[in-house]
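Here is the structure we will look at, set down as structure tokens.
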Amino acid sequence: MSKENRPVTDEDLTAYLDGAADDALSTRIAAALETDPELAMRHQALTIDLDILRSAYDFDSLRSPAPPENLAAIKTSLWKIPAALAATFALGMVAMALLRPAPDWVDTVASYQALYVTETLSGPTQPTQKSAAVLGQAKEMLGVDLGAAIDINGLTFKRAQILAIDGQPLIQIAYLDDDGVPFAFCITAASAGGDMRQVMSHDLATQSWVDNGIGYVLVGGTDLNRVGILSAQFRGLL
Amino acid sequence: MNTRGGELIRWLRKKSARAVVADGLPDLYPRLWRFCLVLTRDRNMADDLAQMTCERALAKADKFMPGTDLDRWLFTIARRLWLNDIRAAKVRQGAGLVAIEDSDLADEKPTAEANIFAREVFDLVQTLPEAQRLTVLLVYVEGHSYRDAAAILEIPVGTVMSRLASARKAISAAAARTGLDG
């Protein structure tokens, strides 16, 4: 079938509507639309108002955030990463010999937390009303009142959000310590375990435990002793 | 060229690339964040992903080729970060969970009819499959050509066209159902 005779596809019509069809195709479609009601219907079914679409995504409509003031600081801190990674690696090598592997869900949480740096959380603290809404929803989902987790000695609360892990809700409460080290306290449904368990995972110190079918993990920094002390505080408050 | 001269040029090129990336990030940040919002469908996750993308871009700045488009490079990093690091880690906004942030998008918005329509169209597009809504963003909102969108998404041009056709059909049908087509 020659190019001129082949049927007009939806992709052809889309290119025509987008002004991206070549001259020959544009001419052919324009002519066919005059005489082919079926093609005209398909053309209509592909027609959308691009002005409204664009206004739906303009920055005002989205209330998009301003660029973080610390982008320059990120730049500075990044040049320090190789040294920090080297230090973390050395510490990890010593610790790993003594440690058990992290449970899967703790490992997954740590892999996510490993992407956090100070600047990830250095924006404004989540409004109280929003935090309360998230924690209220968390209570409905998991039956655990996490209100006390907002006020932890040694950690500054930044925000709470609902994520998911293997299709199950996972509540993440994020903090910075006084040195700007990101920490996260995460809660999800978990079946196994019970004992406090300390491991390094993704070069981060983690402490996890399971109570009544709910798994808890505190992750952040590289100091297992520190997450142990902080975890005791969490466990006492909750 | 002697080895030392070659090293000097490579060093200057890296330094220049880092400067271009660092200087360009603040201006591009809103567009990067919007790209991340379309990917993640959640404002908090978009914040995280945009920040992570900036960090990754600065860390890998010497891979950036000055003279090419920084926005395309950032979008590619964000998308790979999302696909390979975040989504693959199985921690993401859960299917079926109410995204609290989603409902917040409409807060304190003017109630002009055009804004209501825009909001409804936004909601509609955000329900499309990830591949389609990303392509819609790149071509119809960002104004990239089919070829550029294909390069950013690492897919053939024909796939861009078929995604746009599918998205157009879905948006048009939903608009007709809800009276958005006027």
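All residue names refer to the structure tokens as shown: chains lettered A, B, ... in order, residues numbered from 1 in each chain, ligands numbered from 1 in order.
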**Item:** Interface list for chain A, partner chain B, 8 Å threshold, only C-alpha atoms, as a PyMOL selection string
**Value:** chain A and resi 10-11+14-15+45-50+52-57+59+61-68+71-72+74-75+78-79+108-109+111-112+115-116+119-120+134+161-169
Residues from the last selection, C-alpha atoms, saved as a CSV table (one decimal), in the first residue's frame:
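Final output, result_20.csv:
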chain,number,residue,atom,x,y,z
A,10,ASP,CA,-4.9,8.2,15.2
A,11,GLU,CA,-1.2,9.0,15.4
A,14,THR,CA,-2.6,13.6,16.4
A,15,ALA,CA,0.4,14.9,14.4
A,45,ALA,CA,-12.5,12.5,19.5
A,46,LEU,CA,-8.8,13.5,19.5
A,47,THR,CA,-9.4,17.2,19.8
A,48,ILE,CA,-8.7,18.8,23.2
A,49,ASP,CA,-8.3,22.3,24.5
A,50,LEU,CA,-4.6,22.7,24.9
A,52,ILE,CA,-6.9,24.8,29.4
A,53,LEU,CA,-4.4,21.9,29.6
A,54,ARG,CA,-1.5,24.3,29.8
A,55,SER,CA,-3.2,26.5,32.3
A,56,ALA,CA,-3.8,23.4,34.4
A,57,TYR,CA,-0.1,23.0,34.7
A,59,PHE,CA,3.1,27.3,38.1
A,61,SER,CA,-2.2,26.7,39.4
A,62,LEU,CA,0.2,24.1,40.8
A,63,ARG,CA,1.5,26.4,43.5
A,64,SER,CA,4.9,25.1,42.7
A,65,PRO,CA,7.5,25.8,45.3
A,66,ALA,CA,10.2,28.3,45.0
A,67,PRO,CA,13.7,26.9,44.3
A,68,PRO,CA,15.3,25.9,47.6
A,71,LEU,CA,20.8,24.9,46.1
A,72,ALA,CA,24.1,26.6,46.4
A,74,ILE,CA,23.8,21.6,48.1
A,75,LYS,CA,26.5,22.3,45.6
A,78,LEU,CA,28.3,17.6,47.3
A,79,TRP,CA,32.0,18.2,47.0
A,108,THR,CA,13.8,-1.0,51.7
A,109,VAL,CA,13.2,1.9,54.1
A,111,SER,CA,17.4,2.4,50.7
A,112,TYR,CA,14.9,5.2,50.4
A,115,LEU,CA,18.7,9.3,49.1
A,116,TYR,CA,18.1,12.0,51.7
A,119,GLU,CA,18.7,19.8,52.0
A,120,THR,CA,16.0,17.3,51.3
A,134,VAL,CA,-1.4,12.6,58.1
A,161,GLN,CA,3.8,11.5,55.0
A,162,ILE,CA,2.1,8.3,53.8
A,163,LEU,CA,4.0,6.1,51.5
A,164,ALA,CA,3.6,2.4,50.7
A,165,ILE,CA,5.6,-0.7,50.8
A,166,ASP,CA,4.6,-3.9,49.0
A,167,GLY,CA,1.1,-2.4,48.8
A,168,GLN,CA,0.9,-1.7,52.5
A,169,PRO,CA,0.7,1.8,54.0
Please identify all polymer residues within 9 Å of Leu238 (chain A), counting only C-alpha atoms, omitting same-chain residues fewer than 4 positions from it, and present them as a PDB file with N, CA and C atoms, in the first residue's frame.
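Output contents, as saved in selection.pdb:
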ATOM      1  N   VAL A 144      -2.196   2.980  65.327  1.00  0.00           N
ATOM      2  CA  VAL A 144      -1.150   3.443  66.241  1.00  0.00           C
ATOM      3  C   VAL A 144      -1.207   4.966  66.332  1.00  0.00           C
ATOM      4  N   ASP A 145      -1.231   5.485  67.552  1.00  0.00           N
ATOM      5  CA  ASP A 145      -1.225   6.937  67.745  1.00  0.00           C
ATOM      6  C   ASP A 145       0.223   7.414  67.742  1.00  0.00           C
ATOM      7  N   LEU A 146       0.576   8.175  66.711  1.00  0.00           N
ATOM      8  CA  LEU A 146       1.957   8.603  66.535  1.00  0.00           C
ATOM      9  C   LEU A 146       2.161  10.060  66.938  1.00  0.00           C
ATOM     10  N   GLY A 147       1.160  10.640  67.592  1.00  0.00           N
ATOM     11  CA  GLY A 147       1.231  12.065  67.945  1.00  0.00           C
ATOM     12  C   GLY A 147       2.498  12.436  68.698  1.00  0.00           C
ATOM     13  N   ALA A 148       2.938  11.543  69.592  1.00  0.00           N
ATOM     14  CA  ALA A 148       4.112  11.866  70.409  1.00  0.00           C
ATOM     15  C   ALA A 148       5.398  11.895  69.601  1.00  0.00           C
ATOM     16  N   ALA A 149       5.364  11.319  68.410  1.00  0.00           N
ATOM     17  CA  ALA A 149       6.596  11.235  67.608  1.00  0.00           C
ATOM     18  C   ALA A 149       7.002  12.578  67.018  1.00  0.00           C
ATOM     19  N   GLN A 233      13.652   6.143  73.186  1.00  0.00           N
ATOM     20  CA  GLN A 233      12.764   7.279  73.431  1.00  0.00           C
ATOM     21  C   GLN A 233      11.446   7.108  72.669  1.00  0.00           C
ATOM     22  N   PHE A 234      11.569   6.714  71.386  1.00  0.00           N
ATOM     23  CA  PHE A 234      10.350   6.494  70.595  1.00  0.00           C
ATOM     24  C   PHE A 234       9.491   5.409  71.244  1.00  0.00           C
TER      25      PHE A 234
END
